[in-house]
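Enquirer: The structure file start.cif (mmCIF, C-alpha atoms) is provided below.
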```
data_start
loop_
_atom_site.label_atom_id
_atom_site.label_comp_id
_atom_site.auth_asym_id
_atom_site.auth_seq_id
_atom_site.Cartn_x
_atom_site.Cartn_y
_atom_site.Cartn_z
CA MET A 1 119.17 147.09 135.09
CA ASN A 2 118.21 144.40 137.63
CA TYR A 3 114.73 143.50 138.80
CA THR A 4 114.64 143.48 142.61
CA PRO A 5 114.24 140.00 144.12
CA THR A 6 111.25 139.52 146.43
CA ASP A 7 110.23 136.56 148.60
CA ARG A 8 108.05 135.37 145.76
CA THR A 9 110.82 135.49 143.17
CA THR A 10 113.42 133.81 145.39
CA PRO A 11 113.25 130.02 145.16
CA SER A 12 113.98 127.55 147.95
CA ARG A 13 116.53 125.73 145.76
CA TYR A 14 119.34 126.83 143.44
CA ALA A 15 118.78 130.47 144.47
CA LYS A 16 122.38 131.25 143.60
CA GLN A 17 123.34 129.03 140.67
CA ARG A 18 120.21 129.26 138.58
CA MET A 19 118.53 132.60 139.32
CA HIS A 20 118.87 135.75 137.24
CA TYR A 21 117.25 139.11 137.88
CA ASP A 22 118.89 141.18 135.18
CA GLU A 23 116.57 142.73 132.67
CA ALA A 24 118.51 141.48 129.64
CA THR A 25 118.15 137.82 130.65
CA VAL A 26 114.47 138.11 131.62
CA HIS A 27 113.60 140.03 128.44
CA ALA A 28 115.51 137.66 126.13
CA ILE A 29 113.49 134.67 127.41
CA LEU A 30 110.20 136.57 127.15
CA ASP A 31 111.01 137.69 123.62
CA GLU A 32 111.93 134.20 122.41
CA ALA A 33 108.94 132.40 123.98
CA LEU A 34 105.63 132.63 122.13
CA PHE A 35 103.42 131.32 124.94
CA CYS A 36 103.06 131.84 128.67
CA THR A 37 100.84 130.27 131.31
CA VAL A 38 98.75 132.80 133.24
CA SER A 39 97.42 131.71 136.64
CA TYR A 40 94.97 133.34 139.01
CA ALA A 41 92.91 132.14 141.95
CA VAL A 42 89.35 132.55 143.18
CA ASP A 43 88.76 131.43 146.78
CA ASN A 44 92.25 129.91 146.69
CA VAL A 45 91.33 127.64 143.77
CA PRO A 46 93.92 128.22 141.03
CA PHE A 47 93.16 128.41 137.31
CA SER A 48 95.81 128.38 134.57
CA ILE A 49 95.57 129.28 130.91
CA PRO A 50 98.29 129.07 128.23
CA THR A 51 98.21 132.06 125.89
CA ALA A 52 100.36 134.06 123.45
CA PHE A 53 101.97 137.26 124.69
CA VAL A 54 104.30 140.08 123.79
CA ARG A 55 106.66 142.16 125.93
CA LYS A 56 107.42 145.84 125.42
CA GLY A 57 109.63 147.63 127.93
CA HIS A 58 108.64 146.50 131.42
CA THR A 59 105.17 145.42 130.34
CA LEU A 60 103.80 142.08 129.15
CA TYR A 61 100.57 142.02 127.12
CA ILE A 62 97.99 139.29 126.53
CA HIS A 63 94.71 139.50 124.66
CA GLY A 64 91.57 137.57 123.92
CA SER A 65 87.87 137.80 123.20
CA VAL A 66 85.91 140.34 125.21
CA GLY A 67 83.70 137.34 126.12
CA SER A 68 86.50 135.30 127.68
CA HIS A 69 85.66 134.30 131.26
CA PHE A 70 89.37 134.07 132.08
CA LEU A 71 90.10 137.66 130.93
CA ARG A 72 87.01 139.01 132.69
CA GLU A 73 88.27 137.53 135.96
CA ILE A 74 91.81 138.86 135.75
CA GLU A 75 90.90 142.27 134.35
CA LYS A 76 89.49 142.97 137.83
CA GLY A 77 93.11 143.39 138.92
CA ILE A 78 93.45 140.27 141.09
CA PRO A 79 96.96 138.82 141.60
CA VAL A 80 98.29 136.75 138.71
CA CYS A 81 101.36 134.63 138.19
CA ILE A 82 102.75 134.36 134.66
CA SER A 83 105.21 131.60 133.84
CA VAL A 84 107.22 130.95 130.70
CA MET A 85 109.52 128.04 129.93
CA LEU A 86 111.82 127.31 127.00
CA THR A 87 113.23 123.78 127.00
CA ASP A 88 116.67 123.46 125.44
CA ALA A 89 117.82 119.89 126.14
CA LEU A 90 117.23 116.72 128.12
CA VAL A 91 120.18 116.18 130.43
CA VAL A 92 121.03 112.47 130.46
CA ALA A 93 123.24 111.43 133.39
CA LYS A 94 124.72 108.04 134.24
CA SER A 95 122.09 107.63 136.98
CA ALA A 96 118.38 108.48 136.76
CA PHE A 97 118.71 110.61 139.90
CA HIS A 98 120.99 113.12 138.16
CA HIS A 99 118.91 113.44 135.02
CA SER A 100 117.81 117.01 134.49
CA VAL A 101 116.58 119.48 131.90
CA ASN A 102 118.29 122.49 130.38
CA TYR A 103 115.67 125.21 130.40
CA ARG A 104 115.21 128.96 130.55
CA SER A 105 112.18 130.07 132.53
CA VAL A 106 110.65 133.30 133.79
CA ILE A 107 108.12 133.88 136.52
CA ILE A 108 106.24 137.14 136.99
CA PHE A 109 103.90 138.27 139.77
CA SER A 110 101.62 141.07 138.69
CA LYS A 111 98.09 142.38 138.24
CA ALA A 112 96.28 143.23 135.01
CA GLU A 113 95.63 146.71 133.77
CA LYS A 114 93.01 146.83 131.02
CA ILE A 115 94.05 148.90 128.01
CA GLU A 116 91.12 150.74 126.43
CA ASP A 117 93.03 153.16 124.19
CA TYR A 118 92.41 152.29 120.54
CA GLU A 119 95.87 153.23 119.27
CA GLN A 120 97.61 151.27 121.99
CA LYS A 121 95.47 148.20 121.21
CA ALA A 122 96.15 148.51 117.47
CA LEU A 123 99.89 148.79 118.15
CA PHE A 124 99.77 145.64 120.32
CA PHE A 125 98.33 143.63 117.44
CA LYS A 126 101.12 144.76 115.17
CA GLU A 127 103.72 143.80 117.75
CA LEU A 128 102.19 140.43 118.58
CA THR A 129 101.76 139.53 114.90
CA ASP A 130 105.33 140.54 114.05
CA LYS A 131 106.58 138.54 117.07
CA ILE A 132 104.75 135.34 116.09
CA VAL A 133 105.48 135.68 112.34
CA PRO A 134 108.29 138.24 111.95
CA GLY A 135 107.81 140.70 109.13
CA SER A 136 104.22 139.70 108.41
CA TRP A 137 102.13 142.68 109.63
CA ASP A 138 102.57 144.92 106.60
CA TYR A 139 101.77 142.03 104.24
CA LEU A 140 98.42 141.08 105.82
CA ARG A 141 94.97 142.52 105.19
CA PRO A 142 94.91 145.59 107.50
CA MET A 143 93.18 145.17 110.83
CA LEU A 144 89.65 146.58 111.03
CA PRO A 145 88.46 148.87 113.85
CA LYS A 146 85.73 146.36 114.78
CA GLU A 147 88.39 143.66 115.21
CA VAL A 148 90.32 145.85 117.64
CA GLN A 149 87.08 146.58 119.53
CA LYS A 150 86.16 142.89 119.86
CA THR A 151 89.38 142.21 121.71
CA THR A 152 90.35 142.71 125.33
CA LEU A 153 93.98 143.77 125.89
CA LEU A 154 95.55 143.38 129.33
CA ALA A 155 98.92 144.79 130.40
CA PHE A 156 101.09 143.45 133.25
CA ASP A 157 103.95 145.30 134.86
CA ILE A 158 106.88 142.83 135.03
CA HIS A 159 109.02 144.44 137.72
CA GLU A 160 108.40 141.51 140.12
CA SER A 161 110.02 138.84 137.99
CA SER A 162 112.96 136.49 137.79
CA ALA A 163 114.59 134.08 135.38
CA LYS A 164 115.69 130.56 136.29
CA MET A 165 117.94 128.59 133.97
CA ARG A 166 119.97 125.43 133.75
CA SER A 167 122.56 124.88 131.06
CA GLY A 168 125.52 122.59 130.50
CA MET A 169 126.25 118.91 130.86
CA PRO A 170 124.99 116.41 133.50
CA ILE A 171 126.70 116.43 136.88
CA ASP A 172 127.22 112.84 137.94
CA ASP A 173 128.34 111.59 141.33
CA GLU A 174 132.12 111.29 141.63
CA GLU A 175 131.87 107.50 142.07
CA ASP A 176 129.79 107.14 138.88
CA GLN A 177 132.06 109.09 136.57
CA ALA A 178 134.13 106.12 135.40
CA LEU A 179 131.10 103.94 134.61
CA PRO A 180 130.84 102.90 130.94
CA ILE A 181 127.39 104.51 130.71
CA TRP A 182 126.74 107.17 128.06
CA SER A 183 125.87 110.63 129.43
CA GLY A 184 125.31 113.94 127.70
CA LEU A 185 122.57 116.07 126.21
CA ILE A 186 119.64 115.42 123.91
CA PRO A 187 118.92 118.87 122.44
CA LEU A 188 115.25 119.71 121.91
CA SER A 189 114.33 121.52 118.71
CA ASN A 190 111.98 124.46 118.79
CA ALA A 191 112.29 124.96 115.04
CA ARG A 192 109.67 126.16 112.59
CA LEU A 193 109.19 123.75 109.69
CA ALA A 194 108.42 124.55 106.05
CA PRO A 195 105.10 126.46 105.64
CA ILE A 196 102.11 124.49 104.28
CA PRO A 197 99.65 126.53 102.15
CA ASP A 198 95.90 126.16 102.55
CA ASP A 199 93.62 125.50 99.56
CA LEU A 200 93.19 129.23 98.91
CA SER A 201 96.95 129.82 98.70
CA ARG A 202 98.31 127.12 96.39
CA GLU A 203 98.88 129.62 93.55
CA ILE A 204 100.10 132.44 95.80
CA PRO A 205 103.88 132.83 96.06
CA LEU A 206 105.27 132.35 99.58
CA PRO A 207 106.06 135.89 100.82
CA GLY A 208 109.67 136.78 101.52
CA HIS A 209 109.23 136.87 105.30
CA LEU A 210 108.20 133.19 105.25
CA VAL A 211 111.05 132.04 103.02
CA ARG A 212 114.02 130.80 105.05
CA MET B 1 85.54 106.32 129.15
CA ASN B 2 84.74 110.03 129.42
CA TYR B 3 85.77 112.37 132.20
CA THR B 4 82.70 114.24 133.48
CA PRO B 5 82.71 117.96 132.62
CA THR B 6 82.44 120.35 135.56
CA ASP B 7 82.05 124.13 135.68
CA ARG B 8 85.80 124.38 135.98
CA THR B 9 86.54 122.23 132.95
CA THR B 10 83.92 123.91 130.72
CA PRO B 11 85.33 127.00 128.98
CA SER B 12 83.42 130.15 128.08
CA ARG B 13 84.50 129.84 124.44
CA TYR B 14 84.67 126.98 121.91
CA ALA B 15 83.01 124.65 124.45
CA LYS B 16 81.71 122.51 121.61
CA GLN B 17 84.29 122.65 118.83
CA ARG B 18 87.48 122.37 120.82
CA MET B 19 86.72 120.47 124.04
CA HIS B 20 87.32 116.78 124.60
CA TYR B 21 86.59 114.80 127.74
CA ASP B 22 87.37 111.30 126.54
CA GLU B 23 90.11 109.50 128.38
CA ALA B 24 91.98 108.51 125.22
CA THR B 25 92.43 112.12 124.10
CA VAL B 26 93.37 113.45 127.54
CA HIS B 27 95.83 110.61 128.15
CA ALA B 28 97.48 110.87 124.71
CA ILE B 29 98.32 114.54 125.34
CA LEU B 30 99.60 113.83 128.85
CA ASP B 31 101.74 110.97 127.59
CA GLU B 32 103.31 113.01 124.79
CA ALA B 33 104.04 116.13 126.87
CA LEU B 34 107.13 116.04 129.08
CA PHE B 35 106.31 119.12 131.17
CA CYS B 36 103.28 120.58 132.90
CA THR B 37 102.70 123.81 134.81
CA VAL B 38 101.40 123.28 138.34
CA SER B 39 99.61 126.20 140.00
CA TYR B 40 98.40 126.73 143.54
CA ALA B 41 97.38 129.75 145.59
CA VAL B 42 98.02 131.05 149.08
CA ASP B 43 95.69 133.88 150.17
CA ASN B 44 94.50 134.06 146.56
CA VAL B 45 98.01 134.80 145.31
CA PRO B 46 98.79 132.24 142.59
CA PHE B 47 102.15 130.51 142.11
CA SER B 48 103.08 128.43 139.07
CA ILE B 49 105.93 126.00 138.50
CA PRO B 50 106.82 124.09 135.35
CA THR B 51 107.89 120.52 136.07
CA ALA B 52 108.23 117.06 134.50
CA PHE B 53 105.46 114.54 135.11
CA VAL B 54 104.22 111.08 134.28
CA ARG B 55 100.67 109.70 134.03
CA LYS B 56 99.61 106.20 135.03
CA GLY B 57 95.94 105.27 134.87
CA HIS B 58 93.92 108.17 136.26
CA THR B 59 96.84 109.57 138.24
CA LEU B 60 99.49 112.16 137.38
CA TYR B 61 102.76 112.18 139.34
CA ILE B 62 105.32 114.92 139.94
CA HIS B 63 108.42 114.84 142.12
CA GLY B 64 111.15 117.02 143.53
CA SER B 65 113.48 117.56 146.42
CA VAL B 66 112.05 117.02 149.89
CA GLY B 67 113.30 120.58 150.55
CA SER B 68 111.24 122.19 147.78
CA HIS B 69 109.04 124.98 149.13
CA PHE B 70 106.61 124.46 146.27
CA LEU B 71 106.11 120.74 147.01
CA ARG B 72 105.80 121.38 150.74
CA GLU B 73 102.95 123.80 150.06
CA ILE B 74 100.97 121.56 147.74
CA GLU B 75 101.55 118.33 149.67
CA LYS B 76 99.19 119.85 152.26
CA GLY B 77 96.39 118.94 149.85
CA ILE B 78 95.39 122.45 148.76
CA PRO B 79 93.67 122.87 145.37
CA VAL B 80 95.99 122.78 142.38
CA CYS B 81 95.51 123.37 138.67
CA ILE B 82 97.78 121.49 136.28
CA SER B 83 98.05 122.64 132.68
CA VAL B 84 99.84 121.06 129.73
CA MET B 85 100.21 122.41 126.21
CA LEU B 86 101.67 120.92 123.03
CA THR B 87 102.01 123.42 120.18
CA ASP B 88 101.67 121.91 116.72
CA ALA B 89 101.59 124.84 114.30
CA LEU B 90 101.22 128.58 113.89
CA VAL B 91 98.03 129.27 111.95
CA VAL B 92 98.68 132.09 109.49
CA ALA B 93 95.51 133.70 108.12
CA LYS B 94 95.08 136.49 105.54
CA SER B 95 94.27 138.90 108.39
CA ALA B 96 96.04 139.19 111.74
CA PHE B 97 92.67 138.84 113.51
CA HIS B 98 92.21 135.27 112.29
CA HIS B 99 95.72 134.12 113.14
CA SER B 100 95.64 131.23 115.60
CA VAL B 101 97.63 128.32 116.95
CA ASN B 102 97.14 124.60 116.51
CA TYR B 103 97.61 123.14 119.96
CA ARG B 104 96.60 120.26 122.19
CA SER B 105 96.17 121.21 125.84
CA VAL B 106 94.92 119.59 129.04
CA ILE B 107 93.76 121.19 132.25
CA ILE B 108 93.35 119.27 135.52
CA PHE B 109 91.89 120.37 138.86
CA SER B 110 93.06 118.22 141.73
CA LYS B 111 94.79 117.97 145.09
CA ALA B 112 98.07 116.26 145.93
CA GLU B 113 98.36 112.98 147.74
CA LYS B 114 101.87 112.33 149.06
CA ILE B 115 103.21 108.87 148.25
CA GLU B 116 105.39 107.46 151.03
CA ASP B 117 105.55 103.83 149.91
CA TYR B 118 109.11 102.97 148.83
CA GLU B 119 108.16 100.55 146.06
CA GLN B 120 105.66 102.97 144.56
CA LYS B 121 108.26 105.75 144.59
CA ALA B 122 110.88 103.51 142.97
CA LEU B 123 108.39 102.50 140.26
CA PHE B 124 107.61 106.16 139.57
CA PHE B 125 111.28 106.86 138.84
CA LYS B 126 111.43 104.02 136.36
CA GLU B 127 108.31 105.27 134.62
CA LEU B 128 109.40 108.91 134.52
CA THR B 129 112.88 108.00 133.26
CA ASP B 130 111.50 105.71 130.56
CA LYS B 131 109.01 108.43 129.53
CA ILE B 132 111.67 111.15 129.18
CA VAL B 133 114.27 108.86 127.55
CA PRO B 134 112.44 105.74 126.35
CA GLY B 135 114.25 102.49 127.02
CA SER B 136 116.91 104.03 129.26
CA TRP B 137 116.05 102.78 132.76
CA ASP B 138 117.64 99.33 132.51
CA TYR B 139 120.82 100.85 131.02
CA LEU B 140 121.47 103.37 133.82
CA ARG B 141 123.27 102.92 137.13
CA PRO B 142 120.50 101.49 139.39
CA MET B 143 118.77 103.96 141.67
CA LEU B 144 119.93 103.96 145.30
CA PRO B 145 117.55 103.76 148.26
CA LYS B 146 118.88 107.09 149.58
CA GLU B 147 118.02 108.73 146.25
CA VAL B 148 114.43 107.51 146.51
CA GLN B 149 114.28 108.78 150.10
CA LYS B 150 115.56 112.26 149.19
CA THR B 151 112.65 112.75 146.83
CA THR B 152 109.06 113.79 147.44
CA LEU B 153 106.51 112.10 145.17
CA LEU B 154 103.04 113.62 144.80
CA ALA B 155 100.08 111.97 143.05
CA PHE B 156 97.08 113.79 141.57
CA ASP B 157 93.78 112.19 140.62
CA ILE B 158 92.94 113.45 137.10
CA HIS B 159 89.19 112.78 136.98
CA GLU B 160 88.42 116.52 136.84
CA SER B 161 90.16 117.22 133.56
CA SER B 162 89.56 118.20 129.96
CA ALA B 163 91.44 118.54 126.71
CA LYS B 164 91.18 121.54 124.40
CA MET B 165 92.58 121.39 120.89
CA ARG B 166 92.67 123.29 117.62
CA SER B 167 93.75 121.67 114.38
CA GLY B 168 93.42 122.43 110.69
CA MET B 169 93.86 125.43 108.44
CA PRO B 170 93.08 129.12 109.12
CA ILE B 171 89.45 130.22 108.79
CA ASP B 172 89.41 133.55 107.00
CA ASP B 173 86.45 135.88 106.56
CA GLU B 174 84.42 135.15 103.42
CA GLU B 175 85.33 138.55 101.95
CA ASP B 176 89.07 137.94 102.47
CA GLN B 177 89.25 134.55 100.80
CA ALA B 178 90.05 135.81 97.29
CA LEU B 179 92.84 138.13 98.48
CA PRO B 180 96.29 137.31 97.02
CA ILE B 181 97.70 136.89 100.54
CA TRP B 182 99.39 133.62 101.50
CA SER B 183 97.68 131.68 104.31
CA GLY B 184 98.37 128.27 105.80
CA LEU B 185 100.32 126.62 108.59
CA ILE B 186 103.85 126.94 109.94
CA PRO B 187 104.39 123.58 111.71
CA LEU B 188 106.38 123.72 114.94
CA SER B 189 108.91 120.99 115.55
CA ASN B 190 109.13 119.28 118.91
CA ALA B 191 111.90 116.99 117.69
CA ARG B 192 114.83 115.60 119.63
CA LEU B 193 118.14 116.33 117.95
CA ALA B 194 121.27 114.16 117.79
CA PRO B 195 122.67 113.37 121.28
CA ILE B 196 125.84 115.23 122.36
CA PRO B 197 128.19 113.25 124.65
CA ASP B 198 129.82 114.87 127.67
CA ASP B 199 133.59 114.66 128.25
CA LEU B 200 133.22 111.38 130.18
CA SER B 201 131.36 109.68 127.35
CA ARG B 202 133.39 110.40 124.20
CA GLU B 203 134.69 106.82 124.02
CA ILE B 204 131.40 105.20 125.10
CA PRO B 205 129.19 103.90 122.27
CA LEU B 206 125.78 105.55 122.03
CA PRO B 207 123.33 102.99 123.47
CA GLY B 208 120.69 101.51 121.16
CA HIS B 209 117.80 103.38 122.79
CA LEU B 210 119.45 106.72 121.87
CA VAL B 211 120.20 105.76 118.25
CA ARG B 212 117.44 106.91 115.91
#
```
What does this structure look like when you write it as structure tokens?

Expert:
Amino acid sequence: MNYTPTDRTTPSRYAKQRMHYDEATVHAILDEALFCTVSYAVDNVPFSIPTAFVRKGHTLYIHGSVGSHFLREIEKGIPVCISVMLTDALVVAKSAFHHSVNYRSVIIFSKAEKIEDYEQKALFFKELTDKIVPGSWDYLRPMLPKEVQKTTLLAFDIHESSAKMRSGMPIDDEEDQALPIWSGLIPLSNARLAPIPDDLSREIPLPGHLVR
Amino acid sequence: MNYTPTDRTTPSRYAKQRMHYDEATVHAILDEALFCTVSYAVDNVPFSIPTAFVRKGHTLYIHGSVGSHFLREIEKGIPVCISVMLTDALVVAKSAFHHSVNYRSVIIFSKAEKIEDYEQKALFFKELTDKIVPGSWDYLRPMLPKEVQKTTLLAFDIHESSAKMRSGMPIDDEEDQALPIWSGLIPLSNARLAPIPDDLSREIPLPGHLVR
């Protein structure tokens, strides 16, 4: 299935080479990224906040304290823009001008819908926790009703969205290609390193889902 | 020197524990991060774009094609919000509710000033290139005047800015601390991996600034 391009999801540059509207591409980026930047505006003054999120179907969810000023603004249903970027490599050309970045990004235009249903909120926490630390939900101390109640959950329809990506090697000018200047990629790692226990956990075996 | 907090740079939560207004902290985050998300609004509809940047003194610079719709909007001097986040570790508590993230973030409220001066634009390219790939500028094919001219350079005063950070181990509820559930940190790597040459560079020795 393809998301339908709109003026807002059609860029002024690279509209053909780099843009993707198919669901599979958009969802894969959203499911790999742990964090997004949510923007909104009041009197045309923009505000941006990085936050964790999870996608399910055509909906993206964020959460936070019921006291959060940011969530209280956007839960009114004002327009928001959500952006996500994964950086894969620095693209090193023979000239500075042709340097670039290999990235996979998504932009979404939407409005918040506040989720009040207890079961839906509880399910979100399971899905977010298992996204951030796969396999961990069933191992943890079960969530308490008061913890669910202390949290605001907002849902965003993602039908107005697009992915933008660059991949591959640098593209140098024809006349530069014979220069004895090294060009290529510097891959960027997004790896998770070995877990470090806190003082309470030194004697506790690392659970299977954290062993790699 | 401290940046002066304003309503916009004072959050509703963790205003004491996590906020930093000193120049050294704000600048260190800006100098380590390669990418920021720039947001602006038209008729209260927000737009966000991730882009590379460089800081010099109290100014942050971004650039792009003179044809970029995004740059043409913000070069008018409308309000922008610039956000930056470095993610250091996933914070794994004994309950999902106390899971968190160790991060270092900066938020800036500003307006663009377009830089037309040729020398200032040329200097920006050197500084951006040497930030993204340290030591590389003098090795590359020199930048051409037409390349400088094809590029829009925008400067943002960063005096209205703040840093927000979390570090350290999870903080579990008192009554959870004796549970035999592993808690601690999963550090996130932001490392650069071994460079990969393109087809034009297989016979070209890797330059010293790319050897680690």

Enquirer: For the structure shown, which residues end up in the PyMOL selection byres ((chain B) within 6 of (chain A))? Put them as a ChimeraX atom specification, please?

Expert: /B:12,40-41,44-47,69,79-81,94-95,140-141,182-193,195-198,201,204

Enquirer: Deliver the residues from the most recent selection as a file, using C-alpha atoms, as a PDB file, in the frame of the given file.

Expert:
```pdb
ATOM      1  CA  SER B  12      83.420 130.150 128.080  1.00  0.00           C
ATOM      2  CA  TYR B  40      98.400 126.730 143.540  1.00  0.00           C
ATOM      3  CA  ALA B  41      97.380 129.750 145.590  1.00  0.00           C
ATOM      4  CA  ASN B  44      94.500 134.060 146.560  1.00  0.00           C
ATOM      5  CA  VAL B  45      98.010 134.800 145.310  1.00  0.00           C
ATOM      6  CA  PRO B  46      98.790 132.240 142.590  1.00  0.00           C
ATOM      7  CA  PHE B  47     102.150 130.510 142.110  1.00  0.00           C
ATOM      8  CA  HIS B  69     109.040 124.980 149.130  1.00  0.00           C
ATOM      9  CA  PRO B  79      93.670 122.870 145.370  1.00  0.00           C
ATOM     10  CA  VAL B  80      95.990 122.780 142.380  1.00  0.00           C
ATOM     11  CA  CYS B  81      95.510 123.370 138.670  1.00  0.00           C
ATOM     12  CA  LYS B  94      95.080 136.490 105.540  1.00  0.00           C
ATOM     13  CA  SER B  95      94.270 138.900 108.390  1.00  0.00           C
ATOM     14  CA  LEU B 140     121.470 103.370 133.820  1.00  0.00           C
ATOM     15  CA  ARG B 141     123.270 102.920 137.130  1.00  0.00           C
ATOM     16  CA  TRP B 182      99.390 133.620 101.500  1.00  0.00           C
ATOM     17  CA  SER B 183      97.680 131.680 104.310  1.00  0.00           C
ATOM     18  CA  GLY B 184      98.370 128.270 105.800  1.00  0.00           C
ATOM     19  CA  LEU B 185     100.320 126.620 108.590  1.00  0.00           C
ATOM     20  CA  ILE B 186     103.850 126.940 109.940  1.00  0.00           C
ATOM     21  CA  PRO B 187     104.390 123.580 111.710  1.00  0.00           C
ATOM     22  CA  LEU B 188     106.380 123.720 114.940  1.00  0.00           C
ATOM     23  CA  SER B 189     108.910 120.990 115.550  1.00  0.00           C
ATOM     24  CA  ASN B 190     109.130 119.280 118.910  1.00  0.00           C
ATOM     25  CA  ALA B 191     111.900 116.990 117.690  1.00  0.00           C
ATOM     26  CA  ARG B 192     114.830 115.600 119.630  1.00  0.00           C
ATOM     27  CA  LEU B 193     118.140 116.330 117.950  1.00  0.00           C
ATOM     28  CA  PRO B 195     122.670 113.370 121.280  1.00  0.00           C
ATOM     29  CA  ILE B 196     125.840 115.230 122.360  1.00  0.00           C
ATOM     30  CA  PRO B 197     128.190 113.250 124.650  1.00  0.00           C
ATOM     31  CA  ASP B 198     129.820 114.870 127.670  1.00  0.00           C
ATOM     32  CA  SER B 201     131.360 109.680 127.350  1.00  0.00           C
ATOM     33  CA  ILE B 204     131.400 105.200 125.100  1.00  0.00           C
TER      34      ILE B 204
END
```

Enquirer: Do you have the CA of Lys114 in chain A-CA of Phe53 in chain A distance handy?

Expert: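 Computing it gives 14.6 Å between the two atoms.
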
Enquirer: Residues picked by the PyMOL selection byres ((chain A and resi 22) around 7) here, as a VMD selection string?

Expert: chain A and resid 1 to 3 20 to 21 23 to 26

Enquirer: What is the distance, in Å and to one decimal place, between CA of Glu160 in chain A and CA of Lys131 in chain A?

Expert: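 Taking CA of Glu160 in chain A and CA of Lys131 in chain A, their separation equals 23.3 Å.
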
Enquirer: Any idea what the distance is between CA of Glu73 in chain A and CA of Ala163 in chain B?

Expert: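 Between CA of Glu73 in chain A and CA of Ala163 in chain B the gap is 21.4 Å.
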
Enquirer: Starting from the displayed file, determine the output of the PyMOL selection byres ((chain B and resi 117) around 12) and express the residue list as a list in words.

Expert: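 Checking the PyMOL selection byres ((chain B and resi 117) around 12) against this file, the residues are Glu113, Lys114, Ile115, Glu116, Tyr118, Glu119, Gln120, Lys121, Ala122, Leu123, Phe124, Val148, Gln149, Thr151, Thr152, Leu153, Leu154 and Ala155 of chain B.
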
Enquirer: So, counting only C-alpha atoms, which residue among B:Phe156, B:Lys146, B:Asn102, B:Cys36 is closest to Glu75 in chain B?

Expert: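 Smallest separation from Glu75 in chain B among the options: B:Phe156.
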
Enquirer: Could you list, as a list in words, every residue within 7 Å of His159 in chain A, counting all atoms listed in the file and ignoring same-chain residues fewer than 2 positions away?

Expert: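 Selected residues are Tyr3, His58, Asp157 and Ser161 of chain A.
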
Enquirer: Check the smallest atom-to-atom distance from each of B:Tyr14, B:Ala112, B:Arg212, B:Asp31 to His63 in chain B using all atoms listed in the file, then report the winner.

Expert: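 Checking each candidate against His63 in chain B, we get B:Ala112 as the closest.
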
Enquirer: Is it possible to add N, CA and C atoms to range 10-22 of chain A and hand it back as a PDB file, in the coordinates of the input?

Expert:
```
ATOM      1  N   THR A  10     112.216 134.474 144.880  1.00  0.00           N
ATOM      2  CA  THR A  10     113.420 133.810 145.390  1.00  0.00           C
ATOM      3  C   THR A  10     113.069 132.360 145.708  1.00  0.00           C
ATOM      4  N   PRO A  11     113.643 131.414 144.964  1.00  0.00           N
ATOM      5  CA  PRO A  11     113.250 130.020 145.160  1.00  0.00           C
ATOM      6  C   PRO A  11     113.928 129.403 146.369  1.00  0.00           C
ATOM      7  N   SER A  12     113.392 128.260 146.808  1.00  0.00           N
ATOM      8  CA  SER A  12     113.980 127.550 147.950  1.00  0.00           C
ATOM      9  C   SER A  12     115.233 126.786 147.528  1.00  0.00           C
ATOM     10  N   ARG A  13     115.392 126.527 146.220  1.00  0.00           N
ATOM     11  CA  ARG A  13     116.530 125.730 145.760  1.00  0.00           C
ATOM     12  C   ARG A  13     117.236 126.432 144.606  1.00  0.00           C
ATOM     13  N   TYR A  14     118.527 126.266 144.523  1.00  0.00           N
ATOM     14  CA  TYR A  14     119.340 126.830 143.440  1.00  0.00           C
ATOM     15  C   TYR A  14     119.222 128.354 143.355  1.00  0.00           C
ATOM     16  N   ALA A  15     118.999 129.017 144.500  1.00  0.00           N
ATOM     17  CA  ALA A  15     118.780 130.470 144.470  1.00  0.00           C
ATOM     18  C   ALA A  15     120.004 131.191 143.922  1.00  0.00           C
ATOM     19  N   LYS A  16     121.180 130.602 144.135  1.00  0.00           N
ATOM     20  CA  LYS A  16     122.380 131.250 143.600  1.00  0.00           C
ATOM     21  C   LYS A  16     122.705 130.822 142.177  1.00  0.00           C
ATOM     22  N   GLN A  17     122.842 129.491 141.973  1.00  0.00           N
ATOM     23  CA  GLN A  17     123.340 129.030 140.670  1.00  0.00           C
ATOM     24  C   GLN A  17     122.411 129.357 139.505  1.00  0.00           C
ATOM     25  N   ARG A  18     121.115 129.268 139.731  1.00  0.00           N
ATOM     26  CA  ARG A  18     120.210 129.260 138.580  1.00  0.00           C
ATOM     27  C   ARG A  18     119.376 130.528 138.400  1.00  0.00           C
ATOM     28  N   MET A  19     119.431 131.451 139.379  1.00  0.00           N
ATOM     29  CA  MET A  19     118.530 132.600 139.320  1.00  0.00           C
ATOM     30  C   MET A  19     119.188 133.805 138.662  1.00  0.00           C
ATOM     31  N   HIS A  20     118.397 134.549 137.918  1.00  0.00           N
ATOM     32  CA  HIS A  20     118.870 135.750 137.240  1.00  0.00           C
ATOM     33  C   HIS A  20     117.783 136.825 137.338  1.00  0.00           C
ATOM     34  N   TYR A  21     118.212 138.009 137.739  1.00  0.00           N
ATOM     35  CA  TYR A  21     117.250 139.110 137.880  1.00  0.00           C
ATOM     36  C   TYR A  21     117.555 140.241 136.911  1.00  0.00           C
ATOM     37  N   ASP A  22     118.582 140.061 136.068  1.00  0.00           N
ATOM     38  CA  ASP A  22     118.890 141.180 135.180  1.00  0.00           C
ATOM     39  C   ASP A  22     117.894 141.214 134.027  1.00  0.00           C
TER      40      ASP A  22
END
```
